[in-house]
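Undergrad: Contents are mmCIF, C-alpha atoms; file name protein19.cif:
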```
data_structure
#
loop_
_atom_site.group_PDB
_atom_site.id
_atom_site.type_symbol
_atom_site.label_atom_id
_atom_site.label_comp_id
_atom_site.auth_asym_id
_atom_site.auth_seq_id
_atom_site.Cartn_x
_atom_site.Cartn_y
_atom_site.Cartn_z
ATOM 1 C CA MET A 15 0.000 0.000 0.000
ATOM 2 C CA ARG A 16 1.255 3.460 -0.847
ATOM 3 C CA PRO A 17 2.640 5.364 2.147
ATOM 4 C CA GLU A 18 0.269 8.328 1.775
ATOM 5 C CA VAL A 19 -2.707 5.972 1.749
ATOM 6 C CA THR A 20 -1.428 4.242 4.894
ATOM 7 C CA ALA A 21 -0.860 7.591 6.589
ATOM 8 C CA PHE A 22 -4.286 8.838 5.542
ATOM 9 C CA ARG A 23 -6.077 5.694 6.797
ATOM 10 C CA GLU A 24 -4.231 5.965 10.071
ATOM 11 C CA LEU A 25 -5.234 9.613 10.401
ATOM 12 C CA ASP A 26 -8.801 8.742 9.455
ATOM 13 C CA THR A 27 -8.955 6.138 12.249
ATOM 14 C CA LEU A 28 -7.486 8.583 14.738
ATOM 15 C CA VAL A 29 -9.906 11.341 13.735
ATOM 16 C CA ARG A 30 -12.866 8.945 14.065
ATOM 17 C CA ASN A 31 -11.635 7.860 17.498
ATOM 18 C CA LEU A 32 -11.184 11.499 18.431
ATOM 19 C CA GLY A 33 -14.749 12.185 17.305
ATOM 20 C CA ASP A 34 -16.010 9.342 19.504
ATOM 21 C CA GLN A 35 -13.963 10.686 22.375
ATOM 22 C CA LEU A 36 -15.340 14.200 21.909
ATOM 23 C CA ALA A 37 -18.879 12.815 21.746
ATOM 24 C CA GLY A 38 -18.221 11.068 25.076
ATOM 25 C CA TYR A 39 -16.873 14.285 26.547
ATOM 26 C CA ARG A 40 -19.932 16.133 25.259
ATOM 27 C CA ARG A 41 -22.289 13.596 26.851
ATOM 28 C CA ARG A 42 -20.424 13.884 30.131
ATOM 29 C CA ALA A 43 -20.416 17.692 29.921
ATOM 30 C CA LEU A 44 -24.178 17.738 29.280
ATOM 31 C CA SER A 45 -24.735 15.347 32.165
ATOM 32 C CA ALA A 46 -22.555 17.465 34.450
ATOM 33 C CA GLU A 47 -24.389 20.582 33.321
ATOM 34 C CA ALA A 48 -27.765 19.007 34.147
ATOM 35 C CA ARG A 49 -26.421 17.847 37.518
ATOM 36 C CA THR A 50 -25.118 21.368 38.188
ATOM 37 C CA ARG A 51 -28.521 22.857 37.385
ATOM 38 C CA GLU A 52 -30.184 20.355 39.698
ATOM 39 C CA LEU A 53 -27.761 21.184 42.512
ATOM 40 C CA GLU A 54 -28.268 24.912 41.932
ATOM 41 C CA GLN A 55 -32.029 24.496 42.220
ATOM 42 C CA ARG A 56 -31.591 22.444 45.386
ATOM 43 C CA ALA A 57 -29.240 25.082 46.795
ATOM 44 C CA GLU A 58 -31.811 27.776 46.012
ATOM 45 C CA SER A 59 -34.550 25.896 47.869
ATOM 46 C CA LEU A 60 -32.198 25.286 50.798
ATOM 47 C CA ASP A 61 -31.309 28.961 50.802
ATOM 48 C CA GLU A 62 -34.997 29.883 50.953
ATOM 49 C CA ALA A 63 -35.506 27.459 53.847
ATOM 50 C CA LEU A 64 -32.456 28.907 55.573
ATOM 51 C CA GLN A 65 -33.784 32.443 55.179
ATOM 52 C CA ALA A 66 -37.181 31.364 56.549
ATOM 53 C CA ALA A 67 -35.473 29.681 59.501
ATOM 54 C CA ARG A 68 -33.436 32.827 60.121
ATOM 55 C CA ALA A 69 -36.607 34.940 60.062
ATOM 56 C CA GLU A 70 -38.248 32.517 62.521
ATOM 57 C CA ALA A 71 -35.159 32.702 64.720
ATOM 58 C CA VAL A 72 -35.367 36.499 64.736
ATOM 59 C CA VAL A 73 -39.061 36.312 65.714
ATOM 60 C CA ALA A 74 -38.281 33.754 68.416
ATOM 61 C CA HIS A 75 -35.427 35.894 69.703
ATOM 62 C CA THR A 76 -37.701 38.934 69.884
ATOM 63 C CA ALA A 77 -40.392 36.902 71.661
ATOM 64 C CA ARG A 78 -37.779 35.584 74.080
ATOM 65 C CA SER A 79 -36.594 39.124 74.845
ATOM 66 C CA THR A 80 -40.208 40.228 75.420
ATOM 67 C CA LEU A 81 -40.814 37.258 77.693
ATOM 68 C CA GLN A 82 -37.661 38.025 79.641
ATOM 69 C CA VAL A 83 -38.853 41.604 80.189
ATOM 70 C CA GLN A 84 -42.263 40.314 81.271
ATOM 71 C CA ILE A 85 -40.631 37.793 83.591
ATOM 72 C CA GLN A 86 -38.552 40.557 85.143
ATOM 73 C CA GLU A 87 -41.669 42.690 85.607
ATOM 74 C CA LEU A 88 -43.516 39.771 87.190
ATOM 75 C CA ALA A 89 -40.556 39.073 89.448
ATOM 76 C CA GLN A 90 -40.580 42.725 90.520
ATOM 77 C CA ARG A 91 -44.340 42.531 91.185
ATOM 78 C CA GLU A 92 -43.848 39.357 93.147
ATOM 79 C CA LEU A 93 -41.202 41.061 95.279
ATOM 80 C CA THR A 94 -43.550 43.998 95.869
ATOM 81 C CA ALA A 95 -46.459 41.655 96.686
ATOM 82 C CA ARG A 96 -44.277 39.637 99.049
ATOM 83 C CA SER A 97 -43.188 42.844 100.759
ATOM 84 C CA GLN A 98 -46.799 44.001 101.099
ATOM 85 C CA LEU A 99 -47.855 40.583 102.353
ATOM 86 C CA GLU A 100 -45.071 40.646 104.877
ATOM 87 C CA ARG A 101 -46.143 44.085 106.076
ATOM 88 C CA ALA A 102 -49.733 42.858 106.276
ATOM 89 C CA HIS A 103 -48.606 39.860 108.271
ATOM 90 C CA ILE A 104 -46.716 42.136 110.640
ATOM 91 C CA ALA A 105 -49.692 44.478 110.953
ATOM 92 C CA PHE A 106 -52.032 41.542 111.459
ATOM 93 C CA ALA A 107 -49.720 40.095 114.076
ATOM 94 C CA ALA A 108 -49.551 43.464 115.838
ATOM 95 C CA ALA A 109 -53.346 43.817 115.705
ATOM 96 C CA THR A 110 -53.766 40.270 116.954
ATOM 97 C CA GLU A 111 -51.367 40.928 119.755
ATOM 98 C CA ALA A 112 -53.120 44.177 120.672
ATOM 99 C CA ALA A 113 -56.629 42.664 120.552
ATOM 100 C CA THR A 114 -56.784 41.398 124.180
ATOM 101 C CA PRO A 115 -60.213 41.443 126.025
ATOM 102 C CA GLN A 116 -59.078 44.288 128.228
ATOM 103 C CA ALA A 117 -57.882 46.291 125.272
ATOM 104 C CA VAL A 118 -61.133 45.665 123.431
ATOM 105 C CA GLU A 119 -63.138 46.646 126.479
ATOM 106 C CA SER A 120 -61.072 49.747 126.974
ATOM 107 C CA GLU A 121 -61.485 50.653 123.279
ATOM 108 C CA LEU A 122 -65.255 50.070 123.542
ATOM 109 C CA ALA A 123 -65.403 52.260 126.624
ATOM 110 C CA ARG A 124 -63.523 55.000 124.792
ATOM 111 C CA GLU A 125 -65.846 54.681 121.856
ATOM 112 C CA ASN A 126 -68.856 54.740 124.146
ATOM 113 C CA GLN A 127 -67.581 57.857 125.767
ATOM 114 C CA ARG A 128 -66.991 59.511 122.403
ATOM 115 C CA LEU A 129 -70.501 58.618 121.325
ATOM 116 C CA ARG A 130 -71.977 59.961 124.564
ATOM 117 C CA ALA A 131 -70.106 63.198 124.120
ATOM 118 C CA ARG A 132 -71.416 63.502 120.573
ATOM 119 C CA LEU A 133 -74.953 62.730 121.760
ATOM 120 C CA ALA A 134 -74.718 65.404 124.446
ATOM 121 C CA GLU A 135 -73.438 67.852 121.895
ATOM 122 C CA ALA A 136 -76.273 66.969 119.528
ATOM 123 C CA HIS A 137 -78.785 67.327 122.331
ATOM 124 C CA GLU A 138 -77.440 70.775 123.139
ATOM 125 C CA ARG A 139 -77.540 71.872 119.534
ATOM 126 C CA THR A 140 -81.097 70.537 119.212
ATOM 127 C CA GLY A 141 -82.080 72.640 122.197
ATOM 128 C CA GLN A 142 -80.456 75.697 120.641
ATOM 129 C CA LEU A 143 -82.306 75.072 117.394
ATOM 130 C CA ALA A 144 -85.609 74.684 119.237
ATOM 131 C CA ASP A 145 -84.994 78.021 120.996
ATOM 132 C CA ARG A 146 -84.358 79.701 117.684
ATOM 133 C CA VAL A 147 -87.466 78.198 116.121
ATOM 134 C CA ARG A 148 -89.528 79.370 119.031
ATOM 135 C CA PHE A 149 -88.053 82.839 118.766
ATOM 136 C CA LEU A 150 -88.757 83.026 115.086
ATOM 137 C CA ARG A 151 -92.365 81.921 115.496
ATOM 138 C CA GLN A 152 -92.857 84.545 118.126
ATOM 139 C CA GLN A 153 -91.484 87.143 115.777
ATOM 140 C CA THR A 154 -93.794 86.174 112.946
ATOM 141 C CA GLY A 155 -96.838 85.625 115.177
ATOM 142 C CA LEU A 156 -97.654 82.386 113.540
ATOM 143 C CA GLY A 157 -97.487 80.152 116.491
ATOM 144 C CA ALA A 158 -98.028 80.170 120.194
ATOM 145 C CA GLU A 159 -95.412 79.183 122.643
ATOM 146 C CA ARG A 160 -95.744 75.588 123.594
ATOM 147 C CA MET B 1 -8.540 3.018 -11.971
ATOM 148 C CA ILE B 2 -6.638 -0.309 -11.797
ATOM 149 C CA MET B 3 -8.425 -3.449 -12.938
ATOM 150 C CA ASP B 4 -7.688 -7.062 -12.162
ATOM 151 C CA GLN B 5 -7.258 -8.226 -15.758
ATOM 152 C CA LYS B 6 -5.214 -6.648 -18.522
ATOM 153 C CA SER B 7 -7.141 -5.204 -21.431
ATOM 154 C CA VAL B 8 -6.181 -3.913 -24.836
ATOM 155 C CA ILE B 9 -6.834 -0.231 -25.472
ATOM 156 C CA ARG B 10 -6.179 1.755 -28.615
ATOM 157 C CA VAL B 11 -5.169 5.377 -28.281
ATOM 158 C CA ARG B 12 -4.035 8.051 -30.751
ATOM 159 C CA ILE B 13 -1.064 10.369 -30.139
ATOM 160 C CA MET B 14 0.123 12.886 -32.709
ATOM 161 C CA GLY B 15 -1.991 11.127 -35.330
ATOM 162 C CA GLU B 16 -0.397 7.752 -34.691
ATOM 163 C CA GLU B 17 -2.466 4.909 -33.213
ATOM 164 C CA TYR B 18 -0.998 2.849 -30.381
ATOM 165 C CA THR B 19 -2.335 -0.407 -28.971
ATOM 166 C CA LEU B 20 -1.743 -0.712 -25.245
ATOM 167 C CA ARG B 21 -2.132 -3.704 -22.945
ATOM 168 C CA THR B 22 -2.791 -2.375 -19.471
ATOM 169 C CA GLU B 23 -4.425 -3.185 -16.129
ATOM 170 C CA ALA B 24 -5.716 0.375 -15.927
ATOM 171 C CA SER B 25 -9.202 1.300 -16.961
ATOM 172 C CA SER B 26 -9.986 2.502 -20.463
ATOM 173 C CA ASP B 27 -10.910 6.024 -19.291
ATOM 174 C CA HIS B 28 -7.682 6.364 -17.362
ATOM 175 C CA THR B 29 -5.519 5.109 -20.250
ATOM 176 C CA LYS B 30 -7.250 7.417 -22.711
ATOM 177 C CA ALA B 31 -6.864 10.373 -20.355
ATOM 178 C CA VAL B 32 -3.102 9.614 -20.112
ATOM 179 C CA ALA B 33 -2.767 9.433 -23.874
ATOM 180 C CA GLU B 34 -4.688 12.699 -24.303
ATOM 181 C CA HIS B 35 -2.408 14.394 -21.789
ATOM 182 C CA VAL B 36 0.713 13.219 -23.649
ATOM 183 C CA ASP B 37 -0.776 14.292 -26.990
ATOM 184 C CA ARG B 38 -1.792 17.680 -25.603
ATOM 185 C CA THR B 39 1.652 18.274 -24.055
ATOM 186 C CA ILE B 40 3.537 17.388 -27.276
ATOM 187 C CA ARG B 41 1.247 19.586 -29.329
ATOM 188 C CA ALA B 42 1.674 22.474 -26.871
ATOM 189 C CA ILE B 43 5.450 22.182 -27.202
ATOM 190 C CA MET B 44 5.275 22.025 -30.976
ATOM 191 C CA ASN B 45 2.949 25.040 -31.067
ATOM 192 C CA GLY B 46 5.035 26.863 -28.463
ATOM 193 C CA GLY B 47 7.686 28.287 -30.675
ATOM 194 C CA GLY B 48 9.923 27.438 -33.533
ATOM 195 C CA ALA B 49 9.770 24.398 -35.714
ATOM 196 C CA VAL B 50 10.327 21.347 -33.585
ATOM 197 C CA GLU B 51 10.255 17.837 -34.969
ATOM 198 C CA THR B 52 7.953 15.299 -33.388
ATOM 199 C CA LEU B 53 10.645 13.143 -31.744
ATOM 200 C CA LYS B 54 12.273 16.142 -30.052
ATOM 201 C CA ALA B 55 8.867 17.463 -29.017
ATOM 202 C CA ALA B 56 8.081 14.039 -27.521
ATOM 203 C CA ILE B 57 11.323 14.081 -25.533
ATOM 204 C CA LEU B 58 10.606 17.616 -24.269
ATOM 205 C CA ALA B 59 7.077 16.541 -23.377
ATOM 206 C CA ALA B 60 8.513 13.550 -21.511
ATOM 207 C CA LEU B 61 10.816 15.906 -19.619
ATOM 208 C CA GLN B 62 7.932 18.228 -18.775
ATOM 209 C CA ILE B 63 5.672 15.395 -17.649
ATOM 210 C CA THR B 64 8.508 13.855 -15.612
ATOM 211 C CA ASP B 65 9.105 17.233 -13.985
ATOM 212 C CA GLU B 66 5.430 17.417 -13.108
ATOM 213 C CA LEU B 67 5.632 13.865 -11.748
ATOM 214 C CA PHE B 68 8.629 14.660 -9.526
ATOM 215 C CA ARG B 69 6.992 17.832 -8.248
ATOM 216 C CA GLU B 70 3.773 15.942 -7.488
ATOM 217 C CA ARG B 71 5.792 13.182 -5.741
ATOM 218 C CA ALA B 72 7.501 15.793 -3.587
ATOM 219 C CA ALA B 73 4.169 17.421 -2.803
ATOM 220 C CA ASN B 74 2.734 14.008 -2.035
ATOM 221 C CA GLU B 75 5.591 13.192 0.318
ATOM 222 C CA SER B 76 5.179 16.556 2.026
ATOM 223 C CA MET B 77 1.456 15.940 2.426
ATOM 224 C CA THR B 78 2.141 12.437 3.797
ATOM 225 C CA SER B 79 4.579 13.931 6.275
ATOM 226 C CA ASP B 80 1.963 16.521 7.282
ATOM 227 C CA ILE B 81 -0.621 13.762 7.741
ATOM 228 C CA ARG B 82 1.761 11.743 9.932
ATOM 229 C CA GLN B 83 2.584 14.850 11.973
ATOM 230 C CA LEU B 84 -1.125 15.548 12.438
ATOM 231 C CA ALA B 85 -1.656 11.924 13.491
ATOM 232 C CA SER B 86 1.136 12.161 16.051
ATOM 233 C CA ASP B 87 -0.437 15.395 17.342
ATOM 234 C CA ILE B 88 -3.832 13.743 17.723
ATOM 235 C CA ARG B 89 -2.560 10.491 19.279
ATOM 236 C CA PRO B 90 -1.775 11.951 22.768
ATOM 237 C CA LEU B 91 -5.325 13.304 22.939
ATOM 238 C CA LEU B 92 -6.714 9.754 22.845
ATOM 239 C CA PRO B 93 -6.680 6.972 25.433
ATOM 240 C CA PRO B 94 -3.945 4.357 24.719
ATOM 241 C CA ALA B 95 -6.446 1.798 23.456
ATOM 242 C CA LYS B 96 -7.592 4.157 20.711
ATOM 243 C CA ARG B 97 -4.237 5.479 19.512
ATOM 244 C CA GLY B 98 -3.913 3.017 16.650
ATOM 245 C CA ASP B 99 -1.319 0.362 15.808
ATOM 246 C CA ASP B 100 1.692 2.650 16.029
ATOM 247 C CA SER B 101 0.946 3.661 19.632
ATOM 248 C CA SER B 102 2.326 0.420 20.997
ATOM 249 C CA ALA B 103 5.625 1.107 19.246
ATOM 250 C CA ALA B 104 5.722 4.742 20.381
#
```
Can the structure in the file be given as structure tokens, please?

TA:
Amino acid sequence: MRPEVTAFRELDTLVRNLGDQLAGYRRRALSAEARTRELEQRAESLDEALQAARAEAVVAHTARSTLQVQIQELAQRELTARSQLERAHIAFAAATEAATPQAVESELARENQRLRARLAEAHERTGQLADRVRFLRQQTGLGAER
Amino acid sequence: MIMDQKSVIRVRIMGEEYTLRTEASSDHTKAVAEHVDRTIRAIMNGGGAVETLKAAILAALQITDELFRERAANESMTSDIRQLASDIRPLLPPAKRGDDSSAA
């Protein structure tokens, strides 16, 4: 066989093999491209989920801060209530201690005396008012002295 | 162009008829004879009065010159083809590099 024919056939075989090889590379490139697109889409969905989770975390953090403030306020109110309760207990204990029968009797006697004094005062004022009414009737001649 | 059995073909050059026994096809043999006839006539019509034998020798020289030039061009092209093949070979896996790859 002539040398140029041999060389040409050899080149022809190599070029055909190269074509097959390039077709294989093209298939692999297309497959890789499709896989890349799939991974990009998955990454996008994961990114959206991540952003949603971050937003939820921000909301949860804000709610936690609010709850902490409320807890502090409630703790402060509890302290105040405990203090008031303690004072009430002390006052109640003092009142209980002071409420002996003699003390009650003495207090009742004082109250009775105050009421008697007020009654006497009212009686005196009633008398004064009756005198004035009588005087006025005499002045107008509308009534006789009783 | 080349046939398995020899055949007899008659051709005409410079008015003379020649009977040729050849393995080549009739069309090819006639085309060769026409080329020789045309070349001799071109030399004879080229200038001066040249006798047929001398014109035939000059035509043979011209055709041989063309042949040598074409052989050189052919060898150059073959060399280019081999160089291209050796450039392509490394791009392929060993199993697809052809028969010469095992020797390389």

Undergrad: Could you write out as JSON, numbers by chain the residues of chain B within 9 Å of chain A, counting all atoms listed in the file?

TA: {"B": [74, 75, 77, 78, 79, 81, 82, 84, 85, 86, 88, 89, 91, 92, 93, 96, 97, 98, 99]}

Undergrad: Print the selection's residues with C-alpha atoms to a file, as a tab-separated table (two decimals), in the coordinates of the input.

TA:
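Okay, again.tsv is ready:
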```tsv
chain	number	residue	atom	x	y	z
B	74	ASN	CA	2.73	14.01	-2.04
B	75	GLU	CA	5.59	13.19	0.32
B	77	MET	CA	1.46	15.94	2.43
B	78	THR	CA	2.14	12.44	3.80
B	79	SER	CA	4.58	13.93	6.28
B	81	ILE	CA	-0.62	13.76	7.74
B	82	ARG	CA	1.76	11.74	9.93
B	84	LEU	CA	-1.12	15.55	12.44
B	85	ALA	CA	-1.66	11.92	13.49
B	86	SER	CA	1.14	12.16	16.05
B	88	ILE	CA	-3.83	13.74	17.72
B	89	ARG	CA	-2.56	10.49	19.28
B	91	LEU	CA	-5.32	13.30	22.94
B	92	LEU	CA	-6.71	9.75	22.84
B	93	PRO	CA	-6.68	6.97	25.43
B	96	LYS	CA	-7.59	4.16	20.71
B	97	ARG	CA	-4.24	5.48	19.51
B	98	GLY	CA	-3.91	3.02	16.65
B	99	ASP	CA	-1.32	0.36	15.81
```

Undergrad: If the PyMOL selection byres ((chain B and resi 38) around 12) were run on this exact file, what residues would it hold? Put them as an MDAnalysis selection string.

TA: chainID B and resid 12:15 30:37 39:46 55:56 59:60 62:63

Undergrad: Limited to C-alpha atoms, could you put the picked residues into a file as a JSON list (two decimals), in the frame of the given file?

TA:
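Produced file out.json, reproduced below:
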```json
[["chain", "number", "residue", "atom", "x", "y", "z"],
["B", 12, "ARG", "CA", -4.04, 8.05, -30.75],
["B", 13, "ILE", "CA", -1.06, 10.37, -30.14],
["B", 14, "MET", "CA", 0.12, 12.89, -32.71],
["B", 15, "GLY", "CA", -1.99, 11.13, -35.33],
["B", 30, "LYS", "CA", -7.25, 7.42, -22.71],
["B", 31, "ALA", "CA", -6.86, 10.37, -20.36],
["B", 32, "VAL", "CA", -3.10, 9.61, -20.11],
["B", 33, "ALA", "CA", -2.77, 9.43, -23.87],
["B", 34, "GLU", "CA", -4.69, 12.70, -24.30],
["B", 35, "HIS", "CA", -2.41, 14.39, -21.79],
["B", 36, "VAL", "CA", 0.71, 13.22, -23.65],
["B", 37, "ASP", "CA", -0.78, 14.29, -26.99],
["B", 39, "THR", "CA", 1.65, 18.27, -24.06],
["B", 40, "ILE", "CA", 3.54, 17.39, -27.28],
["B", 41, "ARG", "CA", 1.25, 19.59, -29.33],
["B", 42, "ALA", "CA", 1.67, 22.47, -26.87],
["B", 43, "ILE", "CA", 5.45, 22.18, -27.20],
["B", 44, "MET", "CA", 5.28, 22.02, -30.98],
["B", 45, "ASN", "CA", 2.95, 25.04, -31.07],
["B", 46, "GLY", "CA", 5.04, 26.86, -28.46],
["B", 55, "ALA", "CA", 8.87, 17.46, -29.02],
["B", 56, "ALA", "CA", 8.08, 14.04, -27.52],
["B", 59, "ALA", "CA", 7.08, 16.54, -23.38],
["B", 60, "ALA", "CA", 8.51, 13.55, -21.51],
["B", 62, "GLN", "CA", 7.93, 18.23, -18.77],
["B", 63, "ILE", "CA", 5.67, 15.40, -17.65]]
```

Undergrad: Would you work out the distance separating atom CA of B:Val50 from atom CA of B:Arg71, expressed in Å to one decimal?

TA: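 If I compute the distance from atom CA of B:Val50 to atom CA of B:Arg71, I get 29.4 Å.
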
Undergrad: Residues within 7 Å of B:Lys6, please, as a list in words. Count only C-alpha atoms; anything in the same chain fewer than 2 positions from it doesn't count.

TA: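 Within the cut-off, the hits are Asp4, Val8, Arg21, Thr22 and Glu23 of chain B.
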
Undergrad: Quick one: pull the distance between atom CA of B:Leu53 and atom CA of B:Asp27, Å, one decimal.

TA: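 Interatomic distance, atom CA of B:Leu53 to atom CA of B:Asp27: 25.9 Å.
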
Undergrad: Quick one: distance from atom CA of A:His75 to atom CA of A:Gln90 in Å, one decimal?

TA: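 So the two atoms, atom CA of A:His75 and atom CA of A:Gln90, lie 22.5 Å apart.
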
Undergrad: Write out as AutoDock Vina command-line options an axis-aligned box for stretch 116-134 of chain A: all of its atoms listed in the file, 6 Å added on each side, centre and edge lengths in Å with one decimal.

TA:
```
--center_x -66.4 --center_y 54.8 --center_z 124.4 --size_x 29.1 --size_y 33.1 --size_z 19.7
```
